[in-house]
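Coordinates as given in target22.cif (mmCIF, C-alpha atoms):
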```
data_protein
#
loop_
_atom_site.label_atom_id
_atom_site.label_comp_id
_atom_site.auth_asym_id
_atom_site.auth_seq_id
_atom_site.Cartn_x
_atom_site.Cartn_y
_atom_site.Cartn_z
CA MET A 1 -84.26 45.01 191.24
CA ARG A 2 -86.46 44.68 188.15
CA ASN A 3 -84.20 46.93 186.04
CA GLU A 4 -81.06 45.14 187.16
CA PHE A 5 -82.61 41.76 186.30
CA LEU A 6 -83.69 42.97 182.85
CA TRP A 7 -80.23 44.46 182.28
CA ALA A 8 -78.64 41.08 183.06
CA VAL A 9 -81.11 39.33 180.72
CA MET A 10 -80.30 41.78 177.92
CA LEU A 11 -76.58 41.23 178.52
CA LEU A 12 -76.96 37.47 178.20
CA ILE A 13 -79.18 37.70 175.12
CA ASN A 14 -76.66 40.03 173.46
CA PHE A 15 -73.68 37.73 174.01
CA LEU A 16 -75.54 34.53 173.12
CA ALA A 17 -76.95 36.12 169.96
CA ILE A 18 -73.44 37.09 168.86
CA ILE A 19 -72.10 33.57 169.44
CA PHE A 20 -75.11 32.01 167.69
CA ALA A 21 -74.75 34.32 164.68
CA TYR A 22 -71.05 33.50 164.51
CA SER A 23 -71.47 29.72 164.85
CA ARG A 24 -74.33 29.63 162.32
CA PHE A 25 -73.11 32.10 159.69
CA GLY A 26 -69.40 32.61 160.40
CA LYS A 27 -67.91 36.07 160.06
CA ILE A 28 -70.93 37.08 157.93
CA GLY A 29 -73.03 36.58 161.08
CA LEU A 30 -70.78 39.01 162.95
CA TYR A 31 -71.10 41.55 160.14
CA ILE A 32 -74.89 41.17 160.33
CA TRP A 33 -74.85 41.82 164.07
CA ILE A 34 -72.97 45.11 163.71
CA PRO A 35 -75.84 47.15 162.16
CA ILE A 36 -78.35 45.47 164.49
CA SER A 37 -76.43 46.49 167.60
CA THR A 38 -75.44 49.94 166.29
CA ILE A 39 -78.97 50.97 165.31
CA LEU A 40 -80.67 49.57 168.41
CA ALA A 41 -78.04 51.07 170.72
CA ASN A 42 -78.63 54.52 169.28
CA ILE A 43 -82.37 54.20 169.82
CA GLN A 44 -81.98 52.87 173.35
CA VAL A 45 -79.49 55.56 174.37
CA VAL A 46 -82.27 58.16 174.67
CA MET A 47 -83.86 56.00 177.39
CA LEU A 48 -82.67 57.10 180.83
CA VAL A 49 -83.18 54.47 183.56
CA ASP A 50 -82.04 53.76 187.12
CA LEU A 51 -79.59 50.89 187.54
CA PHE A 52 -77.94 49.96 190.84
CA GLY A 53 -79.16 53.23 192.33
CA PHE A 54 -77.79 55.49 189.59
CA GLY A 55 -79.21 57.08 186.46
CA THR A 56 -77.78 55.75 183.21
CA THR A 57 -78.75 55.41 179.57
CA LEU A 58 -79.67 52.15 177.91
CA GLY A 59 -77.85 51.04 174.80
CA ASN A 60 -74.54 50.42 176.55
CA ILE A 61 -74.89 46.63 176.28
CA LEU A 62 -75.60 46.59 172.56
CA TYR A 63 -73.03 49.26 171.82
CA ALA A 64 -70.35 47.50 173.87
CA GLY A 65 -71.24 44.30 172.05
CA GLY A 66 -69.79 45.87 168.93
CA PHE A 67 -66.36 45.78 170.57
CA LEU A 68 -66.84 42.07 171.25
CA VAL A 69 -67.58 41.51 167.56
CA THR A 70 -64.51 43.41 166.34
CA ASP A 71 -62.32 41.63 168.91
CA ILE A 72 -63.55 38.23 167.70
CA LEU A 73 -62.86 39.25 164.10
CA ALA A 74 -59.41 40.62 164.99
CA GLU A 75 -58.56 37.48 166.98
CA ASN A 76 -59.79 34.89 164.48
CA TYR A 77 -59.31 36.61 161.10
CA GLY A 78 -57.10 39.69 161.49
CA LYS A 79 -57.49 43.44 161.79
CA GLU A 80 -58.63 44.02 158.19
CA TYR A 81 -61.82 42.03 158.83
CA ALA A 82 -62.38 44.00 162.03
CA LYS A 83 -61.96 47.27 160.10
CA LYS A 84 -64.60 46.13 157.62
CA ALA A 85 -67.05 45.62 160.50
CA VAL A 86 -66.42 49.18 161.71
CA LYS A 87 -67.14 50.52 158.23
CA ILE A 88 -70.39 48.53 158.09
CA GLY A 89 -71.48 49.92 161.45
CA PHE A 90 -70.63 53.47 160.43
CA PHE A 91 -72.57 53.18 157.17
CA SER A 92 -75.61 51.56 158.79
CA LEU A 93 -75.91 54.34 161.38
CA LEU A 94 -75.48 57.06 158.76
CA ALA A 95 -78.07 55.48 156.44
CA MET A 96 -80.59 55.01 159.28
CA THR A 97 -80.23 58.63 160.36
CA LEU A 98 -80.76 60.04 156.87
CA ILE A 99 -83.73 57.78 156.09
CA MET A 100 -85.49 58.41 159.42
CA GLN A 101 -85.03 62.17 159.15
CA VAL A 102 -86.92 62.04 155.87
CA ALA A 103 -89.54 59.72 157.42
CA VAL A 104 -90.37 62.01 160.36
CA ALA A 105 -90.64 64.99 157.99
CA PHE A 106 -93.82 63.51 156.48
CA ILE A 107 -97.18 65.00 157.44
CA PRO A 108 -98.96 62.35 159.54
CA SER A 109 -102.51 61.12 158.99
CA ASN A 110 -105.25 62.61 161.16
CA VAL A 111 -106.25 59.15 162.37
CA GLU A 112 -105.81 59.34 166.15
CA GLU A 113 -104.01 56.02 166.64
CA GLY A 114 -101.68 56.70 163.73
CA LEU A 115 -100.96 60.22 164.94
CA ILE A 116 -100.00 58.99 168.42
CA THR A 117 -97.64 56.41 166.95
CA PHE A 118 -96.14 58.87 164.47
CA ASN A 119 -95.48 61.48 167.18
CA GLY A 120 -93.93 58.86 169.44
CA VAL A 121 -91.48 57.81 166.74
CA LYS A 122 -90.85 61.45 165.82
CA ARG A 123 -89.89 62.32 169.41
CA ILE A 124 -87.22 59.64 169.30
CA PHE A 125 -85.77 60.47 165.91
CA ASP A 126 -86.01 64.25 166.22
CA PHE A 127 -83.26 63.86 168.80
CA MET A 128 -81.43 61.33 166.66
CA PRO A 129 -79.26 63.68 164.51
CA ARG A 130 -77.31 64.87 167.54
CA ILE A 131 -77.13 61.34 168.89
CA ALA A 132 -76.04 60.10 165.46
CA VAL A 133 -73.27 62.69 165.12
CA ALA A 134 -72.03 61.85 168.63
CA SER A 135 -72.23 58.15 167.86
CA LEU A 136 -70.56 58.38 164.45
CA VAL A 137 -67.61 60.38 165.78
CA SER A 138 -67.16 58.32 168.95
CA TYR A 139 -67.78 55.02 167.13
CA TRP A 140 -65.18 55.62 164.43
CA ILE A 141 -62.48 56.90 166.78
CA SER A 142 -63.01 54.36 169.57
CA GLN A 143 -63.41 51.34 167.28
CA SER A 144 -60.35 52.33 165.25
CA HIS A 145 -58.41 52.59 168.50
CA ASP A 146 -59.77 49.23 169.68
CA ILE A 147 -58.56 47.44 166.54
CA TRP A 148 -55.15 49.10 166.74
CA ALA A 149 -54.83 48.38 170.46
CA TYR A 150 -55.95 44.75 170.09
CA GLU A 151 -53.28 44.18 167.45
CA MET A 152 -50.66 45.88 169.61
CA TRP A 153 -51.50 43.78 172.68
CA LYS A 154 -51.68 40.65 170.54
CA LYS A 155 -48.07 41.19 169.48
CA LYS A 156 -47.01 41.60 173.11
CA PHE A 157 -49.16 38.74 174.45
CA SER A 158 -49.58 36.37 171.53
CA GLU A 159 -50.55 33.16 173.33
CA ARG A 160 -54.18 32.03 173.39
CA LYS A 161 -54.26 32.11 177.19
CA HIS A 162 -53.60 35.86 176.98
CA ILE A 163 -56.74 36.64 174.98
CA TRP A 164 -58.22 38.15 178.15
CA ILE A 165 -55.36 40.67 178.30
CA ARG A 166 -55.65 41.94 174.74
CA ASN A 167 -59.45 41.86 174.86
CA ASN A 168 -59.77 43.86 178.08
CA MET A 169 -56.83 46.22 177.63
CA SER A 170 -58.03 47.26 174.17
CA THR A 171 -61.74 47.43 174.99
CA LEU A 172 -61.62 49.24 178.34
CA ILE A 173 -59.55 52.15 177.00
CA SER A 174 -61.58 52.29 173.80
CA GLN A 175 -64.79 52.37 175.85
CA LEU A 176 -63.41 55.30 177.85
CA ILE A 177 -62.62 57.19 174.63
CA ASP A 178 -66.05 56.38 173.24
CA ASN A 179 -67.88 57.38 176.42
CA THR A 180 -66.06 60.70 176.71
CA ILE A 181 -66.66 61.78 173.12
CA PHE A 182 -70.26 60.54 172.98
CA THR A 183 -71.38 62.04 176.29
CA LEU A 184 -69.97 65.49 175.51
CA ILE A 185 -71.39 65.70 171.98
CA ALA A 186 -74.76 64.05 172.70
CA PHE A 187 -75.73 65.50 176.07
CA TRP A 188 -73.72 68.68 176.72
CA GLY A 189 -76.19 71.50 177.35
CA ILE A 190 -79.15 69.12 177.56
CA TYR A 191 -78.67 67.78 181.07
CA PRO A 192 -77.28 69.69 184.09
CA LYS A 193 -73.54 69.12 184.60
CA GLU A 194 -74.06 66.96 187.68
CA VAL A 195 -76.47 64.73 185.72
CA LEU A 196 -74.02 64.68 182.79
CA LEU A 197 -71.23 63.54 185.11
CA GLU A 198 -73.46 60.87 186.62
CA ILE A 199 -74.41 59.62 183.15
CA PHE A 200 -70.73 59.53 182.14
CA ILE A 201 -69.60 57.61 185.22
CA THR A 202 -72.48 55.15 185.38
CA THR A 203 -72.49 54.52 181.63
CA TYR A 204 -68.77 53.78 181.64
CA CYS A 205 -69.20 51.50 184.66
CA MET A 206 -71.90 49.61 182.76
CA LYS A 207 -69.65 49.32 179.71
CA PHE A 208 -66.79 48.23 181.98
CA ILE A 209 -68.93 45.41 183.33
CA VAL A 210 -69.98 44.40 179.81
CA ALA A 211 -66.33 44.40 178.68
CA VAL A 212 -65.29 42.15 181.56
CA PHE A 213 -68.17 39.73 181.04
CA ASP A 214 -67.62 39.50 177.29
CA THR A 215 -64.13 37.98 177.73
CA PRO A 216 -65.32 34.35 178.05
CA PHE A 217 -67.24 34.77 174.80
CA VAL A 218 -64.06 35.75 172.93
CA TYR A 219 -62.57 32.48 174.18
CA ILE A 220 -65.72 30.58 173.15
CA ALA A 221 -65.63 32.11 169.66
CA ASN A 222 -61.94 31.27 169.34
CA HIS A 223 -62.56 27.70 170.54
CA LEU A 224 -65.34 27.25 167.99
CA LYS A 225 -63.07 28.52 165.23
CA LEU A 226 -60.11 26.33 166.19
CA ASN A 227 -62.31 23.24 166.38
CA GLY A 228 -64.01 23.77 163.03
CA LYS A 229 -67.42 24.50 164.52
CA ILE A 230 -67.98 27.68 162.48
CA LYS A 231 -70.16 27.49 159.38
CA GLU A 232 -68.68 30.10 157.08
CA THR A 233 -71.55 31.36 154.93
CA GLU A 234 -70.90 32.95 151.57
CA LEU A 235 -73.33 35.59 150.36
#
```
As structure tokens, please, write out the structure in this file.
Amino acid sequence: MRNEFLWAVMLLINFLAIIFAYSRFGKIGLYIWIPISTILANIQVVMLVDLFGFGTTLGNILYAGGFLVTDILAENYGKEYAKKAVKIGFFSLLAMTLIMQVAVAFIPSNVEEGLITFNGVKRIFDFMPRIAVASLVSYWISQSHDIWAYEMWKKKFSERKHIWIRNNMSTLISQLIDNTIFTLIAFWGIYPKEVLLEIFITTYCMKFIVAVFDTPFVYIANHLKLNGKIKETEL
């Protein structure tokens, strides 16, 4: 149960970090979290682990946390602020990919310790272009859908008590779109089809759990905003 415990710890850290960043820095804190979660998620996604008896990739917590951020922005500030967060995430992933591709193209030093470290990083980022393309495409489409869907459900269920409806209905479908596009682009032809299917199912289940558990934090963020507990920081 070590992996399951660590997964739960990472889940809690992710949500608490988002709420702390929001309470301390306002919407700027949420914008800051977007590149953090996007970049780390795309590094972690190459790590295949066993959770609850199934093989799945890491990164689903951090990546799903991006939907929590855009939902908080859409709820408290409007869809245009949520769209800005998506653009920031897209740019940060693109910039990281380009910079790291140049970095791993360098000729490493012959110092043994440095060579081991360099090759370890290179193994991760040599795979990154395909991961990045999959992530960029799935991220843009799924996040754009999430913002549109959140606004649509907000018009149908506008009361504060219905935040859970618009949060979950928008996120769960957007996660399905994201998972389908990402899995096919990133892993098709790399893993056997049965492993690919297992990754798809288990990864979506993990994201489903994250989406359900993030709902109270949308309420917390909204409560903090309504009660003037947010320190809006100007850069």
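For the residues A:Leu136, A:Ala41, A:Ile34, A:Phe90, ranking by smallest atom-to-atom distance to A:Tyr22 using only C-alpha atoms places A:Ile34 first.
We find atom CA of A:Phe213 and atom CA of A:Ile28 to be spaced 23.4 Å apart.
For the pair atom CA of A:Ala82 and atom CA of A:Ile32, the separation is 12.9 Å.
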Just give me the residues with any atom within 10 Å of (-78.7, 43.7, 183.8), file coordinates, counting only C-alpha atoms, written as a VMD selection string. chain A and resid 1 to 12 51 to 52 61 206 209 to 210
Near-A:Ala211 list (9 Å; all atoms listed in the file; drop same-chain fewer than 2 positions) as a PyMOL selection string: chain A and resi 64-65+67-68+167-168+171-172+175+206-209+213-215
Can you write just those residues out, C-alpha atoms, as a short mmCIF file (atom, residue, chain, number, x, y, z; two decimals), keeping the file's coordinate frame?
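Listing of out39.cif after writing:
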```
data_model
loop_
_atom_site.label_atom_id
_atom_site.label_comp_id
_atom_site.auth_asym_id
_atom_site.auth_seq_id
_atom_site.Cartn_x
_atom_site.Cartn_y
_atom_site.Cartn_z
CA ALA A 64 -70.35 47.50 173.87
CA GLY A 65 -71.24 44.30 172.05
CA PHE A 67 -66.36 45.78 170.57
CA LEU A 68 -66.84 42.07 171.25
CA ASN A 167 -59.45 41.86 174.86
CA ASN A 168 -59.77 43.86 178.08
CA THR A 171 -61.74 47.43 174.99
CA LEU A 172 -61.62 49.24 178.34
CA GLN A 175 -64.79 52.37 175.85
CA MET A 206 -71.90 49.61 182.76
CA LYS A 207 -69.65 49.32 179.71
CA PHE A 208 -66.79 48.23 181.98
CA ILE A 209 -68.93 45.41 183.33
CA PHE A 213 -68.17 39.73 181.04
CA ASP A 214 -67.62 39.50 177.29
CA THR A 215 -64.13 37.98 177.73
#
```
Using the chain letters and residue numbers of this document, give as a PyMOL selection string the residues selected by the PyMOL selection byres ((chain A and resi 161) around 12). chain A and resi 154+157-160+162-167+215-216+218-219+222-223
In Å, how far is it from atom CA of A:Asp146 to atom CA of A:Gly89? 14.3 Å
Shell around A:Asn179 at 9 Å using all atoms listed in the file, local window under 5 positions removed, as a list in words: Ser138, Ser142, Ser174, Leu184, Phe200, Ile201, Thr203, Tyr204 and Lys207 of chain A
Closest pair table for stretch 54-138 of chain A residues within 12 Å of stretch 224-233 of chain A, all atoms listed in the file, as CSV:
```
residue,atom,partner,partner_atom,distance
A:Ile72,CA,A:Lys225,CA,10.0
A:Leu73,CA,A:Lys225,CA,10.8
A:Glu75,CA,A:Lys225,CA,10.2
A:Asn76,CA,A:Lys225,CA,7.2
A:Tyr77,CA,A:Lys225,CA,9.8
```
Evaluate the PyMOL selection byres ((chain A and resi 97-107) around 12) and record the selected residues as a VMD selection string, following the chain and residue labels used in the document. chain A and resid 38 to 39 42 to 43 90 to 96 108 to 111 114 to 115 117 to 133 135 to 136
Residue list as a PyMOL selection string for point (-77.8, 38.8, 163.4), cut-off 10 Å, only C-alpha atoms: chain A and resi 17-22+24-25+28-37
